[in-house]
Amino acid sequence: MRILITNDEGVHSPGLRLLYEFASPLGAVDVVAPESPKSATGLGITLHKPLRMYETDLCGFKAVATSGTPSDTIYLAAYGLGRRYDLVLSGINLGDNTSLQVILSSGTLGAAFQAALLGIPAVAYSLHAQDWEEVLKNREALEIMKAVVQKSAEFVLKYGLPHGVDVVSINFPRNMKRGVKAKLVRAAKFRFAQKVDRRVDPRGSSYYWLYGTDLAPEPDTDVYTVLVEGQIAVTPLTLDLNALNTDRKLDAEALAKLVRYINEAI
């Protein structure tokens with residue numbers, strides 16, 4: 001089995017190193033990631049300039065850094081390196097990727113969706129946390145994340161993604177402890193109330209900051225599961241945006257089996 005690991009926070013992100021460490025026992029692992037942070041780039045690919053790839057050493061393992069976006073890394077790995085992949089893992093992102101509002105702009109999910117377009121199963125991992133320091137000091141949380149990553153990836157390698165699912169998004173809550181459970185939930189529509197702050201620079205020209213403020217989470221969604229209940233949200237996603245001829249049948253039994261598979265490990 002050959003696994004591709006990527007992210008949107010850049011090749012030096014602690015989350016990328018953790019994901020490599022967790023996934024390495026499962027097969028041959030390639031790491032191809034942006035050379036610098038590329039958050040909120042969605043499914044964007046680079047068409048207006050050439051892309052570079054170069055090998056770098058990350059604390060004892062080799063990775064390929066690229067000048068492109070997370071979506072670019074999928075094509076660069078598959079066609080630039082000429083590799084065939086059985087699975088793509090994206091993350092671990094610092095900051096949750098909950099709600100359709102965030103999912104549609106996320107570089108972490110963008111890479112997973114690009115993999116799905118090539119017919120490669122993909123799982124994206126994100127963590128509701130402020131900084132990596134608080135995470136790396138929490139040994140219990142690291143063990144839980146390791147179990148979830150290994151079991152979810154192992155499930156997909158063994159059984160494939162459930163019918164009707166193109167990507168699985170897994171969001172970890174903050175301050176995980178023993179007893180935390182994975183829950184199968186849909187994505188909320190919104191996570192933030194979008195804001196625009198207009199300011200004036202010293203030369204009198206206007207500039208703008210885009211930001212968001214938290215909305216009250218909707219029950220039985222990924223946002224509510226992670227932020228309110230403090231549980232792990234497992235959210236199956238599909239690429240099919242067509243309003244017409246939507247006859248895809250979802251294998252709910254296989255999805256329930258995936259969640260049980262994860263919970264047995266934590």
# chains A, B, ... in the order shown; residues from 1 in each chain; ligands from 1

call {"tool": "select_by_dssp", "arguments": {"residues": "range 24-201 of chain A", "states": "helix (DSSP H, G or I)", "output": "VMD selection string"}}
result
chain A and resid 24 to 26 70 to 80 100 to 103 107 to 117 132 to 136 139 to 159

call {"tool": "closest_residue", "arguments": {"among": "A:Phe190, A:Phe113, A:Phe61, A:Tyr79", "to": "Gly42 in chain A", "atoms": "only C-alpha atoms"}}
result
A:Phe113

call {"tool": "closest_residue", "arguments": {"among": "A:Leu136, A:Ile5, A:Leu117, A:Ile262", "to": "Asp166 in chain A", "atoms": "only C-alpha atoms"}}
result
A:Leu117

call {"tool": "closest_atom_pairs", "arguments": {"of": "range 163-252 of chain A", "to": "range 86-110 of chain A", "cutoff": "9 Å", "atoms": "only C-alpha atoms", "output": "CSV"}}
result
residue,atom,partner,partner_atom,distance
A:Val167,CA,A:Leu109,CA,8.4
A:Ser169,CA,A:Leu109,CA,7.6
A:Ile170,CA,A:Asn97,CA,8.5
A:Asn171,CA,A:Asp96,CA,6.0
A:Phe172,CA,A:Asp96,CA,7.4
A:Pro173,CA,A:Asp96,CA,8.1
A:Arg186,CA,A:Ser99,CA,8.5
A:Ala187,CA,A:Ser99,CA,4.8
A:Ala188,CA,A:Ser99,CA,4.3
A:Lys189,CA,A:Leu100,CA,5.0
A:Phe190,CA,A:Gln101,CA,5.3
A:Arg191,CA,A:Ser99,CA,5.6
A:Phe192,CA,A:Gln101,CA,7.9
A:Thr221,CA,A:Ser99,CA,8.0
A:Asp222,CA,A:Thr98,CA,5.7
A:Val223,CA,A:Thr98,CA,5.4
A:Val226,CA,A:Asp96,CA,8.4
A:Ala233,CA,A:Thr98,CA,8.7
A:Thr235,CA,A:Thr98,CA,9.0

call {"tool": "closest_residue", "arguments": {"among": "A:Ala28, A:Ala78, A:Met176, A:Ile45", "to": "Arg139 in chain A", "atoms": "only C-alpha atoms"}}
result
A:Met176

call {"tool": "closest_residue", "arguments": {"among": "A:Val259, A:Ala122, A:Ala129, A:Ile144", "to": "Val165 in chain A", "atoms": "only C-alpha atoms"}}
result
A:Ala122

call {"tool": "atom_distance", "arguments": {"atom1": "CA of Ser71 in chain A", "atom2": "CA of Arg83 in chain A"}}
result
16.0 Å

call {"tool": "atom_distance", "arguments": {"atom1": "CA of Phe22 in chain A", "atom2": "CA of Tyr261 in chain A"}}
result
16.5 Å

call {"tool": "select_by_dssp", "arguments": {"residues": "range 14-238 of chain A", "states": "strand (DSSP E)", "output": "ChimeraX atom specification"}}
result
/A:28-34,53-58,61-66,87-94,122-127,167-172,182-184,192-200,206-214,232-237

call {"tool": "atom_distance", "arguments": {"atom1": "CA of Asp247 in chain A", "atom2": "CA of Pro162 in chain A"}}
result
15.4 Å
